Amino acid sequence: MHVRFRQVDWAFTVPFRIAYRTRTHAQTVLVELEEHGHIGRGEALGVSYHGESVETMLEQLAAVENKLRQGIKRTDLSTWLPAGGARNAVDCALWDLEAKRAGRRAWELAGFDRVHSVLTNYTLGVDTPKAMGRSAAALGGYSLLNLKLAGEGDVDRVTQVRQARPDADIIVDCNQGWNEQQLHEFTPQLAALGVKLIEQPLPKDEDAALADFTSPIPLCADESFQSTSSLPAVLGKYQYVNIKLDKTGGLTEALEAARAVRATGLKLKVGSMGGSSLSMAPGFIVGQLCDYADLDSPLLLVSDVPDGVRYERGHLLAPSAQLWG
């Protein structure tokens, strides 16, 4: 098998800010696996709060390059690569390659006879309340808005967006940016503004407080949930779990985690760390099992890969076979 991997950067149309960082580019690693005339591709950003970067992912890939050339099964990847971006890129490339060799779609290989479009949110990065309100007003074609929050000023941010878009469903993502006092202060106010979901309000190492907190809005674990092994730690604290392929280490584990979460009665959101349509396509399959989706990253970029995913009225359509899977 021929193995290629390299860095590919995707520029944001405007700087993208969350609670703990601002980015101007989505820095990704692209993996290509070629065998018998078929090329499988996978893309990953890694998990920055775990210390992952393009450099660390490329180092991990270089360390297993010979093993990949010899041929490796998806089910054996965890032996050679830890959960994270590098494994995600390889895993998704293997799914793509398997689908092309079999002449079938990846979702069929994953056990889905048919798929449906996935309603995705449109994400607004942290900004001033008025700026976020203006941005929301310009997004009339999107019925679900995801607001990145950061702590101080968050109620004003949501208020401005609600005034600009009284018709929209709103979810918020705190990215661990609140403290316990803000949790108790902000949630009833956001409930009055019609917020549907609050994602990761507290730092992942401080979320024990959620076990004794009755929230007027469902809470979703993101940083607190990495893969199937995280499930016991979120039970009793959250009502939703956000599954991201960079966290789980690929589509293989993401599907296993999604089905395990659903079996407990918790609900699901599928997200991504960002990237081009090549990162969204595998997430579309996980989205078949989810109540919410955050798969809008290509809409935030200056450019995209050829044959990129398509969106209609806020719905992500099934990726083409030319793109992936």
# chains A, B, ... in the order shown; residues from 1 in each chain; ligands from 1
>>> select_by_dssp(residues="range 79-270 of chain A", states="strand (DSSP E)", output="PyMOL selection string")
chain A and resi 118-119+122-124+144-148+169-173+195-199+219-221+240-244+267-270
>>> write_last_selection(atoms="N, CA and C atoms", output="short mmCIF file (atom, residue, chain, number, x, y, z; two decimals), in the first residue's frame")
data_model
loop_
_atom_site.label_atom_id
_atom_site.label_comp_id
_atom_site.auth_asym_id
_atom_site.auth_seq_id
_atom_site.Cartn_x
_atom_site.Cartn_y
_atom_site.Cartn_z
N VAL A 118 -28.84 15.71 7.20
CA VAL A 118 -28.65 16.01 8.62
C VAL A 118 -28.74 17.52 8.82
N LEU A 119 -29.67 17.94 9.66
CA LEU A 119 -29.76 19.36 10.00
C LEU A 119 -28.55 19.75 10.83
N TYR A 122 -25.40 26.39 12.44
CA TYR A 122 -24.40 27.33 11.92
C TYR A 122 -23.76 27.96 13.14
N THR A 123 -22.43 27.92 13.20
CA THR A 123 -21.71 28.35 14.39
C THR A 123 -21.28 29.80 14.30
N LEU A 124 -21.54 30.54 15.38
CA LEU A 124 -21.06 31.91 15.52
C LEU A 124 -19.98 31.93 16.59
N LEU A 144 -31.02 26.71 12.91
CA LEU A 144 -30.36 26.29 14.15
C LEU A 144 -29.01 26.99 14.26
N LEU A 145 -28.85 27.80 15.30
CA LEU A 145 -27.62 28.55 15.51
C LEU A 145 -26.90 28.03 16.74
N ASN A 146 -25.59 27.90 16.62
CA ASN A 146 -24.73 27.46 17.72
C ASN A 146 -23.84 28.63 18.12
N LEU A 147 -24.02 29.15 19.32
CA LEU A 147 -23.28 30.32 19.76
C LEU A 147 -22.14 29.90 20.67
N LYS A 148 -20.93 30.27 20.30
CA LYS A 148 -19.79 30.06 21.17
C LYS A 148 -19.81 31.14 22.25
N ASP A 169 -33.84 28.30 16.43
CA ASP A 169 -33.46 27.49 17.59
C ASP A 169 -32.01 27.82 17.92
N ILE A 170 -31.73 27.98 19.21
CA ILE A 170 -30.40 28.38 19.64
C ILE A 170 -29.84 27.35 20.60
N ILE A 171 -28.61 26.92 20.34
CA ILE A 171 -27.84 26.14 21.30
C ILE A 171 -26.55 26.91 21.58
N VAL A 172 -25.95 26.67 22.74
CA VAL A 172 -24.74 27.40 23.10
C VAL A 172 -23.65 26.43 23.51
N ASP A 173 -22.42 26.82 23.23
CA ASP A 173 -21.24 26.00 23.55
C ASP A 173 -20.27 26.85 24.35
N VAL A 195 -33.09 28.97 24.86
CA VAL A 195 -31.94 28.15 24.48
C VAL A 195 -32.28 26.67 24.67
N LYS A 196 -31.92 25.86 23.68
CA LYS A 196 -32.31 24.45 23.66
C LYS A 196 -31.28 23.53 24.30
N LEU A 197 -30.00 23.93 24.31
CA LEU A 197 -28.94 23.03 24.76
C LEU A 197 -27.74 23.86 25.19
N ILE A 198 -27.09 23.44 26.28
CA ILE A 198 -25.85 24.07 26.74
C ILE A 198 -24.75 23.02 26.71
N GLU A 199 -23.69 23.31 25.97
CA GLU A 199 -22.60 22.35 25.81
C GLU A 199 -21.42 22.73 26.70
N LEU A 219 -27.95 19.60 29.24
CA LEU A 219 -26.51 19.82 29.18
C LEU A 219 -25.86 18.75 28.33
N CYS A 220 -24.85 19.16 27.57
CA CYS A 220 -24.15 18.25 26.66
C CYS A 220 -22.68 18.18 27.01
N ALA A 221 -22.14 16.98 27.12
CA ALA A 221 -20.72 16.78 27.40
C ALA A 221 -19.93 16.81 26.10
N TYR A 240 -26.87 14.94 27.10
CA TYR A 240 -26.39 14.74 25.74
C TYR A 240 -24.88 14.51 25.77
N VAL A 241 -24.38 13.88 24.72
CA VAL A 241 -22.95 13.68 24.52
C VAL A 241 -22.59 14.12 23.10
N ASN A 242 -21.50 14.87 22.98
CA ASN A 242 -21.00 15.30 21.67
C ASN A 242 -19.86 14.37 21.25
N ILE A 243 -20.08 13.67 20.16
CA ILE A 243 -19.07 12.75 19.63
C ILE A 243 -18.34 13.44 18.48
N LYS A 244 -17.02 13.45 18.56
CA LYS A 244 -16.18 14.01 17.50
C LYS A 244 -15.14 12.96 17.11
N LYS A 267 -28.85 11.34 24.87
CA LYS A 267 -29.00 11.76 23.48
C LYS A 267 -27.66 12.18 22.92
N LEU A 268 -27.64 12.40 21.59
CA LEU A 268 -26.36 12.56 20.90
C LEU A 268 -26.29 13.82 20.05
N LYS A 269 -25.09 14.37 20.01
CA LYS A 269 -24.72 15.40 19.06
C LYS A 269 -23.44 14.94 18.38
N VAL A 270 -23.31 15.17 17.08
CA VAL A 270 -22.05 14.91 16.40
C VAL A 270 -21.44 16.25 16.05
#
>>> residues_around(residues="range 48-55 of chain A", least_positions_apart="3", cutoff="8 Å", atoms="only C-alpha atoms", output="PyMOL selection string")
chain A and resi 7+27-29+45+58-59+84-85
>>> closest_residue(among="A:Glu32, A:Asp96, A:Glu108, A:Asp212", to="His184 in chain A", atoms="only C-alpha atoms")
A:Asp212
>>> residues_around(residues="Lys130 in chain A", least_positions_apart="4", cutoff="9 Å", atoms="only C-alpha atoms", output="count of residues only")
6
>>> closest_residue(among="A:Asn175, A:Ser230, A:Gln181, A:Ser297", to="Leu149 in chain A", atoms="only C-alpha atoms")
A:Asn175
>>> residues_around(residues="Gly271 in chain A", least_positions_apart="6", cutoff="10 Å", atoms="only C-alpha atoms", output="ChimeraX atom specification")
/A:120-121,222,241-246,280,283-284,286-287,292-297
>>> write_last_selection(atoms="C-alpha atoms", output="short mmCIF file (atom, residue, chain, number, x, y, z; two decimals), in the first residue's frame")
data_model
loop_
_atom_site.label_atom_id
_atom_site.label_comp_id
_atom_site.auth_asym_id
_atom_site.auth_seq_id
_atom_site.Cartn_x
_atom_site.Cartn_y
_atom_site.Cartn_z
CA THR A 120 -26.59 21.13 11.10
CA ASN A 121 -26.22 24.24 13.19
CA ASP A 222 -17.94 17.58 24.94
CA VAL A 241 -22.95 13.68 24.52
CA ASN A 242 -21.00 15.30 21.67
CA ILE A 243 -19.07 12.75 19.63
CA LYS A 244 -16.18 14.01 17.50
CA LEU A 245 -14.02 11.76 15.35
CA ASP A 246 -10.80 13.49 16.36
CA MET A 280 -17.48 16.39 7.56
CA GLY A 283 -19.31 12.72 10.59
CA PHE A 284 -22.40 12.61 8.36
CA VAL A 286 -22.50 9.38 12.81
CA GLY A 287 -25.13 12.07 12.31
CA TYR A 292 -28.03 17.53 16.87
CA ALA A 293 -25.16 18.07 14.43
CA ASP A 294 -22.34 20.60 14.26
CA LEU A 295 -20.97 19.88 10.79
CA ASP A 296 -20.88 23.34 9.29
CA SER A 297 -17.13 23.93 9.11
#
>>> atom_distance(atom1="CA of Gly177 in chain A", atom2="CA of Tyr142 in chain A")
25.5 Å
